[in-house]
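> This is the content of run_6.cif (mmCIF, C-alpha atoms):
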data_start
loop_
_atom_site.label_atom_id
_atom_site.label_comp_id
_atom_site.auth_asym_id
_atom_site.auth_seq_id
_atom_site.Cartn_x
_atom_site.Cartn_y
_atom_site.Cartn_z
CA MET A 1 48.59 70.32 49.63
CA VAL A 2 46.43 73.15 48.33
CA ILE A 3 46.00 73.68 44.61
CA MET A 4 45.28 77.23 43.48
CA VAL A 5 43.88 77.97 40.04
CA SER A 6 43.07 81.30 38.41
CA ARG A 7 39.51 81.98 37.38
CA THR A 8 39.06 82.23 33.64
CA GLY A 9 36.31 83.21 31.24
CA ARG A 10 33.87 86.09 31.12
CA GLN A 11 30.61 84.30 31.98
CA LEU A 12 30.63 85.50 35.63
CA GLN A 13 31.94 89.00 34.92
CA ARG A 14 30.08 92.11 36.05
CA TYR A 15 29.20 94.84 33.54
CA ASN A 16 27.76 98.33 33.88
CA LYS A 17 26.12 99.80 30.78
CA GLY A 18 28.22 97.53 28.57
CA ARG A 19 31.49 98.36 30.34
CA ARG A 20 33.33 95.46 31.98
CA LEU A 21 34.01 96.12 35.67
CA VAL A 22 37.67 95.63 36.54
CA VAL A 23 39.18 95.56 40.03
CA GLY A 24 42.81 95.88 41.00
CA CYS A 25 45.16 96.34 43.89
CA ILE A 26 48.36 98.15 44.58
CA PRO A 27 50.18 95.68 46.83
CA TYR A 28 52.55 97.56 49.13
CA ARG A 29 54.85 97.06 52.08
CA PHE A 30 57.28 98.88 54.28
CA THR A 31 60.71 97.28 54.42
CA ARG A 32 62.50 96.81 57.73
CA ASN A 33 64.34 100.06 56.90
CA GLY A 34 60.98 101.84 56.61
CA GLU A 35 61.16 102.14 52.82
CA PHE A 36 57.83 102.09 50.95
CA GLU A 37 57.64 99.60 48.06
CA VAL A 38 54.90 98.49 45.68
CA LEU A 39 54.59 95.21 43.82
CA VAL A 40 54.09 95.19 40.06
CA VAL A 41 53.49 92.24 37.77
CA SER A 42 54.11 91.68 34.09
CA SER A 43 51.22 91.35 31.69
CA GLN A 44 50.41 87.81 30.58
CA LYS A 45 52.34 88.42 27.37
CA GLY A 46 55.22 89.71 29.48
CA HIS A 47 55.75 93.09 27.83
CA ALA A 48 54.13 95.62 30.17
CA MET A 49 54.33 96.05 33.94
CA MET A 50 51.19 96.84 35.90
CA PHE A 51 49.40 96.30 39.17
CA PRO A 52 47.31 93.13 39.58
CA LYS A 53 43.82 93.58 38.12
CA GLY A 54 41.04 91.65 36.50
CA GLY A 55 37.31 91.20 36.17
CA TRP A 56 34.96 91.62 39.11
CA GLU A 57 32.73 88.57 39.20
CA ILE A 58 29.10 88.31 40.29
CA ASP A 59 29.76 85.94 43.20
CA GLU A 60 32.19 88.21 45.07
CA SER A 61 32.42 91.63 46.69
CA VAL A 62 34.66 94.25 45.11
CA GLU A 63 37.16 93.76 47.97
CA GLU A 64 37.15 89.98 47.47
CA ALA A 65 37.83 90.51 43.75
CA ALA A 66 40.76 92.82 44.56
CA SER A 67 42.22 90.29 46.97
CA ARG A 68 41.72 87.42 44.51
CA GLU A 69 43.49 89.27 41.69
CA SER A 70 46.47 89.98 43.96
CA LEU A 71 46.68 86.31 44.89
CA GLU A 72 46.24 85.00 41.34
CA GLU A 73 48.55 87.43 39.54
CA ALA A 74 51.11 88.46 42.17
CA GLY A 75 51.03 85.68 44.75
CA VAL A 76 50.45 87.97 47.73
CA LEU A 77 47.92 88.05 50.55
CA GLY A 78 47.09 91.05 52.67
CA ILE A 79 44.65 93.59 53.97
CA VAL A 80 42.48 95.29 51.34
CA GLN A 81 42.08 98.91 52.38
CA SER A 82 39.59 101.58 51.33
CA GLU A 83 39.08 102.26 47.64
CA LEU A 84 41.45 104.68 45.92
CA GLY A 85 38.96 105.54 43.20
CA LYS A 86 37.14 104.54 40.04
CA TRP A 87 38.39 105.16 36.51
CA ARG A 88 36.93 104.73 33.04
CA PHE A 89 39.53 103.61 30.50
CA LYS A 90 39.71 102.11 27.03
CA SER A 91 40.76 98.50 26.61
CA LYS A 92 44.16 98.12 24.96
CA SER A 93 43.10 95.06 22.98
CA GLN A 94 39.60 96.19 21.98
CA SER A 95 37.88 99.49 21.36
CA ILE A 96 35.60 99.17 24.39
CA TYR A 97 35.61 100.93 27.73
CA HIS A 98 36.05 99.42 31.18
CA GLU A 99 35.41 100.79 34.65
CA GLY A 100 38.30 100.13 36.99
CA PHE A 101 38.33 100.22 40.79
CA MET A 102 41.66 100.28 42.62
CA PHE A 103 42.47 99.42 46.23
CA PRO A 104 45.63 99.43 48.32
CA LEU A 105 46.63 96.02 49.66
CA LEU A 106 48.95 96.01 52.66
CA VAL A 107 50.89 92.79 52.02
CA THR A 108 51.09 90.39 54.94
CA GLU A 109 52.37 87.33 53.07
CA GLN A 110 54.24 86.67 49.83
CA LEU A 111 53.74 83.15 48.51
CA SER A 112 56.41 81.11 46.76
CA LEU A 113 53.74 79.33 44.68
CA TRP A 114 50.76 81.09 43.12
CA PRO A 115 48.34 80.45 40.23
CA GLU A 116 49.93 82.65 37.53
CA GLN A 117 53.60 82.30 38.46
CA ASN A 118 54.39 80.70 35.11
CA LEU A 119 52.64 83.51 33.20
CA ARG A 120 53.93 86.58 35.04
CA LYS A 121 56.96 88.07 36.69
CA ARG A 122 56.64 90.13 39.86
CA ALA A 123 58.93 92.82 41.19
CA TRP A 124 59.03 95.08 44.24
CA MET A 125 59.77 98.66 43.20
CA THR A 126 59.98 102.14 44.61
CA VAL A 127 57.10 104.45 43.75
CA GLU A 128 59.27 106.22 41.18
CA GLU A 129 60.28 102.95 39.51
CA ALA A 130 56.70 101.66 39.44
CA SER A 131 55.35 104.92 38.06
CA GLU A 132 57.88 104.75 35.26
CA ALA A 133 57.33 101.03 34.56
CA CYS A 134 53.53 101.10 34.63
CA GLN A 135 52.10 102.28 31.32
CA GLN A 136 48.43 102.65 32.26
CA TRP A 137 47.58 106.24 33.19
CA TRP A 138 44.78 105.25 35.55
CA MET A 139 47.07 102.93 37.54
CA LYS A 140 49.66 105.71 37.84
CA GLU A 141 46.94 108.01 39.14
CA ALA A 142 45.85 105.36 41.67
CA LEU A 143 49.48 105.03 42.83
CA GLU A 144 49.70 108.80 43.28
CA ARG A 145 46.49 108.73 45.35
CA LEU A 146 47.92 105.96 47.54
CA VAL A 147 51.15 107.87 48.13
CA ASN A 148 49.20 111.03 48.99
CA ARG A 149 46.95 109.08 51.35
CA LEU A 150 49.88 107.49 53.16
CA ASN A 151 51.76 110.79 53.36
CA SER A 152 48.75 112.66 54.76
CA SER A 153 47.58 109.99 57.19
CA ASP A 154 48.66 109.38 60.72
CA LEU A 155 49.94 105.99 59.65
CA ASP A 156 52.31 104.69 62.27
CA LYS A 157 55.04 102.99 60.23
CA GLU A 158 56.79 101.83 63.38
CA SER A 159 53.78 99.75 64.45
CA LEU A 160 53.53 98.25 60.94
CA LEU A 161 57.22 97.41 60.97
CA SER A 162 57.17 95.90 64.45
CA SER A 163 54.11 93.77 63.65
CA ARG A 164 56.04 92.15 60.78
CA LYS A 165 59.01 91.03 62.91
#
Just dump the structure as C-alpha coordinates.


Amino acid sequence: MVIMVSRTGRQLQRYNKGRRLVVGCIPYRFTRNGEFEVLVVSSQKGHAMMFPKGGWEIDESVEEAASRESLEEAGVLGIVQSELGKWRFKSKSQSIYHEGFMFPLLVTEQLSLWPEQNLRKRAWMTVEEASEACQQWWMKEALERLVNRLNSSDLDKESLLSSRK
(Lines of atoms letter the chains of each structure in order from A and count residues from 1; the text may use other names and numbers.)
(Lines give C-alpha, C1' and ligand atoms only; values in the text may rest on other atoms or scores of the structure.)
Protein backbone atom coordinates (compact mmCIF):
# COMPACT_ATOMS: atom_id res chain seq x y z
CA MET A 1 0.00 0.00 0.00
CA VAL A 2 1.27 3.45 -0.91
CA ILE A 3 0.37 6.45 1.21
CA MET A 4 0.29 9.81 -0.56
CA VAL A 5 0.36 13.07 1.36
CA SER A 6 0.21 16.64 0.09
CA ARG A 7 3.13 18.92 0.80
CA THR A 8 2.26 21.76 3.14
CA GLY A 9 3.93 24.91 4.41
CA ARG A 10 5.86 27.68 2.73
CA GLN A 11 9.40 26.95 3.98
CA LEU A 12 10.47 25.27 0.69
CA GLN A 13 8.63 27.67 -1.63
CA ARG A 14 10.42 29.57 -4.38
CA TYR A 15 10.11 33.36 -4.62
CA ASN A 16 11.19 35.91 -7.21
CA LYS A 17 11.53 39.50 -6.00
CA GLY A 18 9.07 38.82 -3.19
CA ARG A 19 6.51 37.14 -5.46
CA ARG A 20 5.65 33.51 -4.68
CA LEU A 21 6.18 31.24 -7.69
CA VAL A 22 3.10 29.16 -8.45
CA VAL A 23 2.87 26.28 -10.91
CA GLY A 24 -0.24 24.68 -12.34
CA CYS A 25 -1.51 22.28 -14.94
CA ILE A 26 -4.47 22.00 -17.20
CA PRO A 27 -5.16 18.26 -17.14
CA TYR A 28 -6.80 17.20 -20.39
CA ARG A 29 -7.91 14.15 -22.31
CA PHE A 30 -9.65 13.10 -25.47
CA THR A 31 -12.63 10.84 -24.89
CA ARG A 32 -13.15 7.73 -26.99
CA ASN A 33 -15.49 9.86 -29.13
CA GLY A 34 -12.64 12.32 -29.74
CA GLU A 35 -14.11 15.02 -27.50
CA PHE A 36 -11.62 17.31 -25.74
CA GLU A 37 -12.15 17.66 -21.97
CA VAL A 38 -10.26 19.40 -19.17
CA LEU A 39 -10.25 18.57 -15.48
CA VAL A 40 -11.04 21.26 -12.92
CA VAL A 41 -10.93 21.04 -9.14
CA SER A 42 -12.68 22.95 -6.40
CA SER A 43 -10.75 25.27 -4.15
CA GLN A 44 -9.98 23.92 -0.68
CA LYS A 45 -12.93 25.88 0.68
CA GLY A 46 -15.06 24.40 -2.09
CA HIS A 47 -16.47 27.59 -3.58
CA ALA A 48 -14.44 28.21 -6.74
CA MET A 49 -13.41 25.89 -9.57
CA MET A 50 -9.90 26.09 -10.97
CA PHE A 51 -7.06 24.09 -12.44
CA PRO A 52 -4.64 22.38 -10.06
CA LYS A 53 -1.90 24.77 -8.91
CA GLY A 54 0.37 25.47 -5.99
CA GLY A 55 3.79 26.58 -4.89
CA TRP A 56 6.93 25.63 -6.77
CA GLU A 57 9.38 24.24 -4.24
CA ILE A 58 13.17 24.49 -4.21
CA ASP A 59 13.78 20.73 -4.47
CA GLU A 60 11.89 20.20 -7.75
CA SER A 61 11.85 21.32 -11.37
CA VAL A 62 8.95 23.41 -12.61
CA GLU A 63 7.61 20.36 -14.50
CA GLU A 64 7.86 18.19 -11.38
CA ALA A 65 5.92 20.83 -9.43
CA ALA A 66 3.21 20.89 -12.10
CA SER A 67 2.92 17.11 -12.05
CA ARG A 68 2.87 17.02 -8.23
CA GLU A 69 0.07 19.60 -8.02
CA SER A 70 -2.04 17.59 -10.48
CA LEU A 71 -1.52 14.45 -8.41
CA GLU A 72 -2.17 16.12 -5.04
CA GLU A 73 -5.19 18.21 -6.00
CA ALA A 74 -6.82 16.30 -8.88
CA GLY A 75 -5.58 12.74 -8.52
CA VAL A 76 -4.28 12.44 -12.07
CA LEU A 77 -0.97 11.39 -13.60
CA GLY A 78 0.19 12.22 -17.08
CA ILE A 79 2.64 13.81 -19.44
CA VAL A 80 3.60 17.41 -18.65
CA GLN A 81 3.94 19.25 -21.95
CA SER A 82 5.63 22.53 -22.85
CA GLU A 83 4.80 25.63 -20.85
CA LEU A 84 1.75 27.65 -21.86
CA GLY A 85 3.06 30.85 -20.34
CA LYS A 86 3.82 32.89 -17.26
CA TRP A 87 1.40 35.29 -15.58
CA ARG A 88 1.64 37.81 -12.76
CA PHE A 89 -1.52 37.96 -10.66
CA LYS A 90 -2.70 39.24 -7.30
CA SER A 91 -3.43 36.79 -4.51
CA LYS A 92 -7.13 36.57 -3.67
CA SER A 93 -6.48 36.21 0.05
CA GLN A 94 -3.65 38.75 0.40
CA SER A 95 -2.60 41.91 -1.36
CA ILE A 96 0.58 40.37 -2.78
CA TYR A 97 1.50 39.29 -6.28
CA HIS A 98 2.41 35.81 -7.49
CA GLU A 99 4.03 34.59 -10.68
CA GLY A 100 2.18 31.65 -12.16
CA PHE A 101 3.42 29.14 -14.74
CA MET A 102 0.91 26.87 -16.48
CA PHE A 103 1.46 23.61 -18.34
CA PRO A 104 -0.80 21.20 -20.20
CA LEU A 105 -0.92 17.70 -18.71
CA LEU A 106 -2.08 14.93 -21.02
CA VAL A 107 -3.76 12.61 -18.52
CA THR A 108 -2.71 8.97 -18.69
CA GLU A 109 -4.21 7.79 -15.39
CA GLN A 110 -6.98 8.94 -13.06
CA LEU A 111 -6.57 7.66 -9.52
CA SER A 112 -9.44 6.63 -7.26
CA LEU A 113 -7.45 7.70 -4.18
CA TRP A 114 -5.38 10.88 -4.01
CA PRO A 115 -4.02 13.17 -1.27
CA GLU A 116 -6.65 15.95 -1.36
CA GLN A 117 -9.73 13.91 -2.27
CA ASN A 118 -11.42 14.86 1.00
CA LEU A 119 -10.73 18.58 0.43
CA ARG A 120 -11.65 18.97 -3.24
CA LYS A 121 -14.09 17.88 -5.88
CA ARG A 122 -12.94 17.21 -9.43
CA ALA A 123 -14.93 17.38 -12.64
CA TRP A 124 -14.24 16.79 -16.32
CA MET A 125 -15.67 19.64 -18.40
CA THR A 126 -15.76 20.93 -21.93
CA VAL A 127 -13.60 23.97 -22.63
CA GLU A 128 -16.69 26.19 -22.59
CA GLU A 129 -17.85 24.82 -19.22
CA ALA A 130 -14.38 25.15 -17.69
CA SER A 131 -13.93 28.68 -18.98
CA GLU A 132 -17.22 29.65 -17.40
CA ALA A 133 -16.54 27.82 -14.11
CA CYS A 134 -12.97 29.04 -13.63
CA GLN A 135 -12.87 32.51 -12.12
CA GLN A 136 -9.16 33.29 -12.46
CA TRP A 137 -8.44 35.32 -15.59
CA TRP A 138 -4.92 33.96 -15.98
CA MET A 139 -6.14 30.35 -15.93
CA LYS A 140 -8.77 31.16 -18.56
CA GLU A 141 -6.03 32.69 -20.70
CA ALA A 142 -3.88 29.57 -20.25
CA LEU A 143 -6.85 27.41 -21.31
CA GLU A 144 -7.31 29.54 -24.42
CA ARG A 145 -3.60 29.12 -25.25
CA LEU A 146 -3.90 25.34 -24.86
CA VAL A 147 -6.94 25.18 -27.14
CA ASN A 148 -5.16 27.33 -29.75
CA ARG A 149 -2.06 25.15 -29.51
CA LEU A 150 -4.02 21.94 -29.98
CA ASN A 151 -6.07 23.40 -32.83
CA SER A 152 -2.98 24.66 -34.67
CA SER A 153 -0.78 21.61 -34.11
CA ASP A 154 -0.54 18.48 -36.15
CA LEU A 155 -1.74 16.54 -33.14
CA ASP A 156 -2.93 13.15 -34.25
CA LYS A 157 -5.99 12.53 -32.07
CA GLU A 158 -6.44 9.06 -33.55
CA SER A 159 -3.04 7.92 -32.25
CA LEU A 160 -3.83 9.38 -28.81
CA LEU A 161 -7.18 7.62 -28.76
CA SER A 162 -5.80 4.28 -29.93
CA SER A 163 -2.98 4.38 -27.36
CA ARG A 164 -5.58 4.62 -24.57
CA LYS A 165 -7.52 1.50 -25.60

> Using all atoms listed in the file for the distances, tell me which of A:Gln110, A:Ser153, A:Gly24, A:Glu35 is nearest to A:Ala123.

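Counting all atoms listed in the file, the residue closest to A:Ala123 is A:Gln110.
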
> When you look at stretch 96-100 of chain A with a cut-off of 6 Å (counting all atoms listed in the file), what residues show up, excluding the ones that are within fewer than 6 positions of it in the same chain? I need them as an mmCIF file with C-alpha atoms, in the frame of the given file.


data_model
loop_
_atom_site.group_PDB
_atom_site.id
_atom_site.type_symbol
_atom_site.label_atom_id
_atom_site.label_comp_id
_atom_site.auth_asym_id
_atom_site.auth_seq_id
_atom_site.Cartn_x
_atom_site.Cartn_y
_atom_site.Cartn_z
ATOM 1 C CA ARG A 19 31.490 98.360 30.340
ATOM 2 C CA ARG A 20 33.330 95.460 31.980
ATOM 3 C CA LEU A 21 34.010 96.120 35.670
ATOM 4 C CA VAL A 22 37.670 95.630 36.540
ATOM 5 C CA VAL A 23 39.180 95.560 40.030
ATOM 6 C CA LYS A 86 37.140 104.540 40.040
ATOM 7 C CA TRP A 87 38.390 105.160 36.510
ATOM 8 C CA ARG A 88 36.930 104.730 33.040
ATOM 9 C CA PHE A 89 39.530 103.610 30.500
ATOM 10 C CA LYS A 90 39.710 102.110 27.030
#

> For A:Ser42, list every protein, DNA or RNA residue within 7 Å, evaluated using all atoms listed in the file, and leave out those in the same chain fewer than 3 positions away; present the list as an MDAnalysis selection string.

chainID A and resid 46:50 120:122

> What do you get, as a VMD selection string, if you spell out every residue that the PyMOL selection byres ((chain A and resi 78) around 12) selects here?

chain A and resid 25 to 29 63 to 64 66 to 71 74 to 77 79 to 81 103 to 111

> Quick check, in Å to one decimal: how far apart do atom CA of A:Ser131 and atom CA of A:Pro115 lie?

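Going from atom CA of A:Ser131 over to atom CA of A:Pro115 covers 25.5 Å.
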
> Evaluate the PyMOL selection byres ((chain A and resi 137-139) around 8) here and jot the selected residues down as a ChimeraX atom specification.

/A:50-51,87,89,102,134-136,140-143

> One decimal, Å: what's the distance from atom CA of A:Gln44 over to atom CA of A:Thr31, could you say?

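Answer for the atom CA of A:Gln44 to atom CA of A:Thr31 separation: 27.6 Å.
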
> Rank A:Leu150, A:Ala130, A:Leu113, A:Leu12 by their smallest atom-to-atom distance to A:Asp59, using only C-alpha atoms, and report the top residue only.

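Closest residue, counting only C-alpha atoms: A:Leu12.
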
> In Å, how far is it from atom CA of A:Val38 to atom CA of A:Trp124?

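Atom CA of A:Trp124 lies 5.5 Å from atom CA of A:Val38.
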
> Using all atoms listed in the file, which of the listed residues (A:Ser82, A:Asn151, A:Ser95, A:Ser43) sits closest to A:Leu119?

A:Ser43
